[in-house]
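Asker: Next comes target-v1.pdb, PDB, N, CA and C atoms:
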MODEL        1
ATOM      1  N   MET A 602      44.478  -6.076  79.296
ATOM      2  CA  MET A 602      44.568  -6.301  77.869
ATOM      3  C   MET A 602      43.785  -5.235  77.104
ATOM      4  N   ALA A 603      43.000  -4.405  77.768
ATOM      5  CA  ALA A 603      42.248  -3.363  77.057
ATOM      6  C   ALA A 603      43.221  -2.509  76.256
ATOM      7  N   ASP A 604      42.818  -2.120  75.073
ATOM      8  CA  ASP A 604      43.616  -1.328  74.150
ATOM      9  C   ASP A 604      44.670  -2.194  73.456
ATOM     10  N   HIS A 605      44.293  -3.383  73.069
ATOM     11  CA  HIS A 605      45.155  -4.298  72.338
ATOM     12  C   HIS A 605      45.274  -3.828  70.884
ATOM     13  N   PRO A 606      46.436  -3.992  70.230
ATOM     14  CA  PRO A 606      46.594  -3.562  68.839
ATOM     15  C   PRO A 606      45.541  -4.165  67.895
ATOM     16  N   TYR A 607      45.168  -5.407  68.107
ATOM     17  CA  TYR A 607      44.134  -6.020  67.261
ATOM     18  C   TYR A 607      42.820  -5.254  67.425
ATOM     19  N   GLY A 608      42.471  -4.940  68.650
ATOM     20  CA  GLY A 608      41.250  -4.192  68.913
ATOM     21  C   GLY A 608      41.282  -2.810  68.282
ATOM     22  N   ARG A 609      42.431  -2.162  68.346
ATOM     23  CA  ARG A 609      42.561  -0.834  67.734
ATOM     24  C   ARG A 609      42.361  -0.909  66.226
ATOM     25  N   ARG A 610      42.845  -1.987  65.591
ATOM     26  CA  ARG A 610      42.634  -2.154  64.147
ATOM     27  C   ARG A 610      41.156  -2.362  63.833
ATOM     28  N   VAL A 611      40.488  -3.167  64.650
ATOM     29  CA  VAL A 611      39.046  -3.381  64.461
ATOM     30  C   VAL A 611      38.313  -2.050  64.613
ATOM     31  N   LEU A 612      38.628  -1.311  65.657
ATOM     32  CA  LEU A 612      37.986  -0.018  65.899
ATOM     33  C   LEU A 612      38.213   0.927  64.717
ATOM     34  N   ALA A 613      39.441   1.029  64.242
ATOM     35  CA  ALA A 613      39.744   1.930  63.122
ATOM     36  C   ALA A 613      38.960   1.544  61.873
ATOM     37  N   ALA A 614      38.866   0.261  61.589
ATOM     38  CA  ALA A 614      38.143  -0.196  60.403
ATOM     39  C   ALA A 614      36.651   0.125  60.511
ATOM     40  N   GLU A 615      36.079  -0.081  61.674
ATOM     41  CA  GLU A 615      34.648   0.172  61.850
ATOM     42  C   GLU A 615      34.342   1.668  61.865
ATOM     43  N   LEU A 616      35.243   2.477  62.417
ATOM     44  CA  LEU A 616      35.046   3.923  62.376
ATOM     45  C   LEU A 616      35.126   4.424  60.934
ATOM     46  N   ALA A 617      36.023   3.850  60.148
ATOM     47  CA  ALA A 617      36.123   4.231  58.734
ATOM     48  C   ALA A 617      34.835   3.874  57.996
ATOM     49  N   ALA A 618      34.292   2.686  58.286
ATOM     50  CA  ALA A 618      33.027   2.281  57.653
ATOM     51  C   ALA A 618      31.913   3.246  58.042
ATOM     52  N   LEU A 619      31.861   3.638  59.296
ATOM     53  CA  LEU A 619      30.845   4.594  59.739
ATOM     54  C   LEU A 619      31.035   5.928  59.029
ATOM     55  N   GLY A 620      32.254   6.355  58.877
ATOM     56  CA  GLY A 620      32.533   7.625  58.217
ATOM     57  C   GLY A 620      32.077   7.654  56.768
ATOM     58  N   ARG A 621      31.971   6.496  56.139
ATOM     59  CA  ARG A 621      31.515   6.411  54.745
ATOM     60  C   ARG A 621      29.997   6.254  54.629
ATOM     61  N   ALA A 622      29.308   6.146  55.754
ATOM     62  CA  ALA A 622      27.847   5.934  55.722
ATOM     63  C   ALA A 622      27.150   7.123  55.087
ATOM     64  N   THR A 623      26.146   6.823  54.299
ATOM     65  CA  THR A 623      25.403   7.870  53.590
ATOM     66  C   THR A 623      24.062   8.125  54.284
ATOM     67  N   PRO A 624      23.486   9.304  54.064
ATOM     68  CA  PRO A 624      22.179   9.595  54.662
ATOM     69  C   PRO A 624      21.183   8.479  54.344
ATOM     70  N   GLY A 625      20.407   8.136  55.339
ATOM     71  CA  GLY A 625      19.458   7.036  55.204
ATOM     72  C   GLY A 625      20.029   5.716  55.696
ATOM     73  N   HIS A 626      21.351   5.673  55.870
ATOM     74  CA  HIS A 626      22.023   4.454  56.335
ATOM     75  C   HIS A 626      22.918   4.718  57.539
ATOM     76  N   ARG A 627      23.014   5.965  57.952
ATOM     77  CA  ARG A 627      23.970   6.322  59.001
ATOM     78  C   ARG A 627      23.653   5.668  60.339
ATOM     79  N   ASN A 628      22.404   5.728  60.786
ATOM     80  CA  ASN A 628      22.073   5.178  62.098
ATOM     81  C   ASN A 628      22.240   3.662  62.111
ATOM     82  N   ARG A 629      21.803   3.011  61.059
ATOM     83  CA  ARG A 629      21.952   1.553  60.979
ATOM     84  C   ARG A 629      23.434   1.168  60.938
ATOM     85  N   THR A 630      24.223   1.954  60.202
ATOM     86  CA  THR A 630      25.658   1.696  60.136
ATOM     87  C   THR A 630      26.298   1.912  61.499
ATOM     88  N   LEU A 631      25.891   2.957  62.205
ATOM     89  CA  LEU A 631      26.398   3.185  63.561
ATOM     90  C   LEU A 631      26.100   1.986  64.442
ATOM     91  N   ASN A 632      24.882   1.502  64.419
ATOM     92  CA  ASN A 632      24.506   0.365  65.252
ATOM     93  C   ASN A 632      25.336  -0.872  64.895
ATOM     94  N   HIS A 633      25.461  -1.143  63.622
ATOM     95  CA  HIS A 633      26.169  -2.334  63.153
ATOM     96  C   HIS A 633      27.659  -2.280  63.510
ATOM     97  N   THR A 634      28.299  -1.145  63.219
ATOM     98  CA  THR A 634      29.734  -1.038  63.475
ATOM     99  C   THR A 634      30.032  -0.987  64.977
ATOM    100  N   ALA A 635      29.220  -0.259  65.719
ATOM    101  CA  ALA A 635      29.442  -0.170  67.167
ATOM    102  C   ALA A 635      29.218  -1.524  67.840
ATOM    103  N   PHE A 636      28.214  -2.271  67.398
ATOM    104  CA  PHE A 636      27.984  -3.604  67.951
ATOM    105  C   PHE A 636      29.234  -4.460  67.806
ATOM    106  N   LYS A 637      29.832  -4.453  66.618
ATOM    107  CA  LYS A 637      31.040  -5.252  66.387
ATOM    108  C   LYS A 637      32.141  -4.876  67.378
ATOM    109  N   VAL A 638      32.328  -3.583  67.571
ATOM    110  CA  VAL A 638      33.421  -3.121  68.427
ATOM    111  C   VAL A 638      33.103  -3.334  69.912
ATOM    112  N   TYR A 639      31.852  -3.111  70.313
ATOM    113  CA  TYR A 639      31.504  -3.330  71.725
ATOM    114  C   TYR A 639      31.652  -4.805  72.117
ATOM    115  N   ARG A 640      31.614  -5.708  71.160
ATOM    116  CA  ARG A 640      31.884  -7.119  71.472
ATOM    117  C   ARG A 640      33.315  -7.270  71.996
ATOM    118  N   TYR A 641      34.252  -6.503  71.424
ATOM    119  CA  TYR A 641      35.643  -6.548  71.877
ATOM    120  C   TYR A 641      35.811  -5.820  73.213
ATOM    121  N   VAL A 642      34.987  -4.823  73.468
ATOM    122  CA  VAL A 642      34.983  -4.187  74.795
ATOM    123  C   VAL A 642      34.575  -5.231  75.831
ATOM    124  N   ALA A 643      33.505  -5.971  75.533
ATOM    125  CA  ALA A 643      33.022  -7.002  76.463
ATOM    126  C   ALA A 643      34.070  -8.087  76.682
ATOM    127  N   GLY A 644      34.903  -8.336  75.666
ATOM    128  CA  GLY A 644      35.954  -9.341  75.781
ATOM    129  C   GLY A 644      37.222  -8.816  76.430
ATOM    130  N   GLY A 645      37.234  -7.541  76.838
ATOM    131  CA  GLY A 645      38.389  -6.964  77.519
ATOM    132  C   GLY A 645      39.495  -6.498  76.589
ATOM    133  N   VAL A 646      39.209  -6.391  75.293
ATOM    134  CA  VAL A 646      40.221  -6.017  74.310
ATOM    135  C   VAL A 646      40.327  -4.499  74.153
ATOM    136  N   LEU A 647      39.215  -3.784  74.333
ATOM    137  CA  LEU A 647      39.180  -2.332  74.174
ATOM    138  C   LEU A 647      38.507  -1.678  75.374
ATOM    139  N   ASP A 648      38.807  -0.409  75.570
ATOM    140  CA  ASP A 648      38.230   0.372  76.653
ATOM    141  C   ASP A 648      36.892   0.966  76.225
ATOM    142  N   GLU A 649      35.865   0.772  77.040
ATOM    143  CA  GLU A 649      34.519   1.226  76.695
ATOM    144  C   GLU A 649      34.439   2.740  76.495
ATOM    145  N   GLN A 650      35.048   3.505  77.365
ATOM    146  CA  GLN A 650      34.970   4.970  77.239
ATOM    147  C   GLN A 650      35.645   5.445  75.960
ATOM    148  N   ASP A 651      36.779   4.856  75.616
ATOM    149  CA  ASP A 651      37.473   5.240  74.393
ATOM    150  C   ASP A 651      36.624   4.920  73.165
ATOM    151  N   VAL A 652      36.005   3.745  73.165
ATOM    152  CA  VAL A 652      35.162   3.324  72.043
ATOM    153  C   VAL A 652      33.957   4.251  71.915
ATOM    154  N   THR A 653      33.301   4.531  73.024
ATOM    155  CA  THR A 653      32.119   5.388  72.993
ATOM    156  C   THR A 653      32.474   6.778  72.483
ATOM    157  N   LEU A 654      33.569   7.337  72.963
ATOM    158  CA  LEU A 654      33.992   8.662  72.510
ATOM    159  C   LEU A 654      34.294   8.650  71.010
ATOM    160  N   ALA A 655      34.999   7.641  70.545
ATOM    161  CA  ALA A 655      35.355   7.569  69.128
ATOM    162  C   ALA A 655      34.106   7.474  68.251
ATOM    163  N   PHE A 656      33.174   6.611  68.619
ATOM    164  CA  PHE A 656      31.949   6.471  67.825
ATOM    165  C   PHE A 656      31.091   7.726  67.892
ATOM    166  N   THR A 657      31.021   8.342  69.054
ATOM    167  CA  THR A 657      30.243   9.571  69.197
ATOM    168  C   THR A 657      30.819  10.670  68.306
ATOM    169  N   THR A 658      32.115  10.793  68.295
ATOM    170  CA  THR A 658      32.776  11.816  67.490
ATOM    171  C   THR A 658      32.475  11.637  66.005
ATOM    172  N   VAL A 659      32.610  10.411  65.514
ATOM    173  CA  VAL A 659      32.371  10.167  64.087
ATOM    174  C   VAL A 659      30.880  10.295  63.759
ATOM    175  N   ALA A 660      30.032   9.767  64.610
ATOM    176  CA  ALA A 660      28.583   9.843  64.362
ATOM    177  C   ALA A 660      28.118  11.294  64.282
ATOM    178  N   ARG A 661      28.606  12.114  65.170
ATOM    179  CA  ARG A 661      28.221  13.534  65.155
ATOM    180  C   ARG A 661      28.784  14.215  63.906
ATOM    181  N   ALA A 662      29.993  13.823  63.491
ATOM    182  CA  ALA A 662      30.620  14.422  62.308
ATOM    183  C   ALA A 662      29.865  14.088  61.020
ATOM    184  N   ILE A 663      29.199  12.939  60.984
ATOM    185  CA  ILE A 663      28.452  12.575  59.777
ATOM    186  C   ILE A 663      27.001  13.033  59.841
ATOM    187  N   GLY A 664      26.631  13.729  60.910
ATOM    188  CA  GLY A 664      25.326  14.363  60.951
ATOM    189  C   GLY A 664      24.274  13.739  61.843
ATOM    190  N   LEU A 665      24.631  12.734  62.624
ATOM    191  CA  LEU A 665      23.651  12.169  63.552
ATOM    192  C   LEU A 665      23.529  13.075  64.775
ATOM    193  N   SER A 666      22.320  13.176  65.314
ATOM    194  CA  SER A 666      22.110  14.022  66.492
ATOM    195  C   SER A 666      22.722  13.368  67.725
ATOM    196  N   ALA A 667      22.928  14.186  68.754
ATOM    197  CA  ALA A 667      23.491  13.668  70.005
ATOM    198  C   ALA A 667      22.567  12.624  70.620
ATOM    199  N   ALA A 668      21.258  12.886  70.610
ATOM    200  CA  ALA A 668      20.305  11.950  71.222
ATOM    201  C   ALA A 668      20.246  10.639  70.440
ATOM    202  N   GLU A 669      20.197  10.729  69.132
ATOM    203  CA  GLU A 669      20.152   9.528  68.291
ATOM    204  C   GLU A 669      21.422   8.702  68.473
ATOM    205  N   THR A 670      22.551   9.375  68.513
ATOM    206  CA  THR A 670      23.832   8.696  68.704
ATOM    207  C   THR A 670      23.859   7.984  70.047
ATOM    208  N   ALA A 671      23.468   8.664  71.105
ATOM    209  CA  ALA A 671      23.488   8.070  72.440
ATOM    210  C   ALA A 671      22.573   6.853  72.522
ATOM    211  N   ARG A 672      21.366   6.954  71.962
ATOM    212  CA  ARG A 672      20.423   5.814  71.985
ATOM    213  C   ARG A 672      20.972   4.624  71.212
ATOM    214  N   THR A 673      21.526   4.885  70.040
ATOM    215  CA  THR A 673      22.031   3.806  69.205
ATOM    216  C   THR A 673      23.246   3.147  69.847
ATOM    217  N   LEU A 674      24.141   3.939  70.415
ATOM    218  CA  LEU A 674      25.313   3.361  71.080
ATOM    219  C   LEU A 674      24.908   2.549  72.306
ATOM    220  N   ALA A 675      23.904   2.994  73.042
ATOM    221  CA  ALA A 675      23.433   2.224  74.199
ATOM    222  C   ALA A 675      22.906   0.866  73.757
ATOM    223  N   SER A 676      22.162   0.849  72.665
ATOM    224  CA  SER A 676      21.628  -0.399  72.139
ATOM    225  C   SER A 676      22.754  -1.318  71.662
ATOM    226  N   ALA A 677      23.704  -0.763  70.919
ATOM    227  CA  ALA A 677      24.831  -1.553  70.416
ATOM    228  C   ALA A 677      25.680  -2.082  71.569
ATOM    229  N   ARG A 678      25.869  -1.270  72.599
ATOM    230  CA  ARG A 678      26.659  -1.682  73.767
ATOM    231  C   ARG A 678      25.997  -2.867  74.462
ATOM    232  N   THR A 679      24.690  -2.795  74.676
ATOM    233  CA  THR A 679      23.967  -3.880  75.338
ATOM    234  C   THR A 679      24.085  -5.174  74.536
ATOM    235  N   ALA A 680      23.884  -5.090  73.235
ATOM    236  CA  ALA A 680      23.982  -6.284  72.389
ATOM    237  C   ALA A 680      25.410  -6.806  72.341
ATOM    238  N   GLY A 681      26.376  -5.917  72.259
ATOM    239  CA  GLY A 681      27.775  -6.342  72.224
ATOM    240  C   GLY A 681      28.215  -7.009  73.507
ATOM    241  N   GLN A 682      27.739  -6.503  74.642
ATOM    242  CA  GLN A 682      28.100  -7.097  75.933
ATOM    243  C   GLN A 682      27.555  -8.510  76.074
ATOM    244  N   ALA A 683      26.461  -8.796  75.385
ATOM    245  CA  ALA A 683      25.866 -10.130  75.443
ATOM    246  C   ALA A 683      26.595 -11.120  74.526
ATOM    247  N   ASN A 684      27.509 -10.606  73.686
ATOM    248  CA  ASN A 684      28.209 -11.444  72.710
ATOM    249  C   ASN A 684      29.696 -11.100  72.665
ATOM    250  N   PRO A 685      30.432 -11.292  73.780
ATOM    251  CA  PRO A 685      31.833 -10.858  73.819
ATOM    252  C   PRO A 685      32.724 -11.617  72.832
ATOM    253  N   ARG A 686      33.753 -10.903  72.376
ATOM    254  CA  ARG A 686      34.784 -11.491  71.515
ATOM    255  C   ARG A 686      36.141 -11.102  72.065
ATOM    256  N   THR A 687      37.113 -11.953  71.817
ATOM    257  CA  THR A 687      38.495 -11.650  72.176
ATOM    258  C   THR A 687      39.340 -11.724  70.909
ATOM    259  N   ILE A 688      40.624 -11.474  71.054
ATOM    260  CA  ILE A 688      41.482 -11.528  69.878
ATOM    261  C   ILE A 688      41.557 -12.974  69.388
ATOM    262  N   PRO A 689      41.638 -13.156  68.074
ATOM    263  CA  PRO A 689      41.721 -14.523  67.567
ATOM    264  C   PRO A 689      43.064 -15.149  67.941
ATOM    265  N   PRO A 690      43.099 -16.463  68.095
ATOM    266  CA  PRO A 690      44.367 -17.110  68.409
ATOM    267  C   PRO A 690      45.309 -17.016  67.214
ATOM    268  N   PRO A 691      46.612 -17.088  67.480
ATOM    269  CA  PRO A 691      47.558 -17.058  66.362
ATOM    270  C   PRO A 691      47.362 -18.299  65.487
ATOM    271  N   PRO A 692      47.708 -18.200  64.215
ATOM    272  CA  PRO A 692      47.552 -19.355  63.334
ATOM    273  C   PRO A 692      48.401 -20.527  63.825
ATOM    274  N   ASP A 693      47.889 -21.719  63.618
ATOM    275  CA  ASP A 693      48.604 -22.948  63.978
ATOM    276  C   ASP A 693      49.660 -23.210  62.916
ATOM    277  N   PRO A 694      50.946 -23.184  63.290
ATOM    278  CA  PRO A 694      51.999 -23.366  62.288
ATOM    279  C   PRO A 694      51.873 -24.720  61.555
ATOM    280  N   LYS A 695      51.337 -25.719  62.218
ATOM    281  CA  LYS A 695      51.204 -27.031  61.591
ATOM    282  C   LYS A 695      50.220 -26.989  60.430
ATOM    283  N   SER A 696      49.154 -26.177  60.567
ATOM    284  CA  SER A 696      48.161 -26.104  59.512
ATOM    285  C   SER A 696      48.645 -25.215  58.374
ATOM    286  N   GLN A 697      49.766 -24.519  58.572
ATOM    287  CA  GLN A 697      50.302 -23.608  57.559
ATOM    288  C   GLN A 697      51.416 -24.254  56.734
ATOM    289  N   GLU A 698      51.770 -25.487  57.072
ATOM    290  CA  GLU A 698      52.860 -26.154  56.342
ATOM    291  C   GLU A 698      52.495 -26.311  54.879
ATOM    292  N   ALA A 699      53.433 -25.946  54.044
ATOM    293  CA  ALA A 699      53.205 -26.080  52.599
ATOM    294  C   ALA A 699      53.678 -27.451  52.156
ATOM    295  N   GLY A 700      52.915 -28.043  51.345
ATOM    296  CA  GLY A 700      53.283 -29.351  50.806
ATOM    297  C   GLY A 700      53.100 -29.368  49.315
ATOM    298  N   PRO A 701      53.868 -30.196  48.623
ATOM    299  CA  PRO A 701      53.735 -30.238  47.151
ATOM    300  C   PRO A 701      52.443 -30.848  46.703
TER     301      PRO A 701
ENDMDL
END
Starting from the coordinates I provided, produce the structure as structure tokens.
Answerer:
Amino acid sequence: MADHPYGRRVLAAELAALGRATPGHRNRTLNHTAFKVYRYVAGGVLDEQDVTLAFTTVARAIGLSAAETARTLASARTAGQANPRTIPPPPDPKSQEAGP
């Protein structure tokens, strides 16, 4: 199930958020966004190497050093692995029934 479309959407959204991070908030944003995505890695929704490469690429592009990026991603990965997430279940059609 790794590389599920839902996971790819989560990854894209979090990478976009990281790309908008401003100086003084970049490392914290990296940690926060990577933690969210590594939870889906732990749940088997995304591939760890792909996620790490994507976050490393964006983090370096916004000015974080290689060492800072590696340390922050390691921390986010550890925390994410302790809190796995999977794709949400589809909506229950019964709860979606419209009534007057």
Asker: If you apply the PyMOL selection byres ((chain A and resi 678-691) around 7) to this file, what residues do you get, as a count of residues only?
Answerer: 22
Asker: Could you go through chain A and tell me which residues DSSP, when run on the backbone, assigns to helix (DSSP H, G or I), listing them as an MDAnalysis selection string?
Answerer: chainID A and resid 606:620 627:643 649:662 667:682 694:697
Asker: Using only C-alpha atoms, determine which residues lie at most 9 Å from Phe656 of chain A, disregarding the query and same-chain residues fewer than 5 positions distant; provide the list as a list in words.
Answerer: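 The contact residues come out as Leu616, Leu619, Leu631, Thr634, Ala635, Asp651, Arg661, Thr670 and Leu674 of chain A.
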Asker: List the residues sitting within 8 Å of (45.3, -5.5, 78.3) in the file's frame, using all atoms listed in the file, as a ChimeraX atom specification.
Answerer: /A:602-605,645-647
Asker: From the set A:Ala614, A:Pro606, A:Asn632, A:Arg627, which residue has the shortest atom-to-atom contact distance to Ser666 of chain A, counting only C-alpha atoms?
Answerer: A:Arg627
Asker: What is the distance between atom C of Ala617 of chain A and atom CA of Arg629 of chain A, in Å to one decimal?
Answerer: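 Going from atom C of Ala617 of chain A over to atom CA of Arg629 of chain A covers 13.4 Å.
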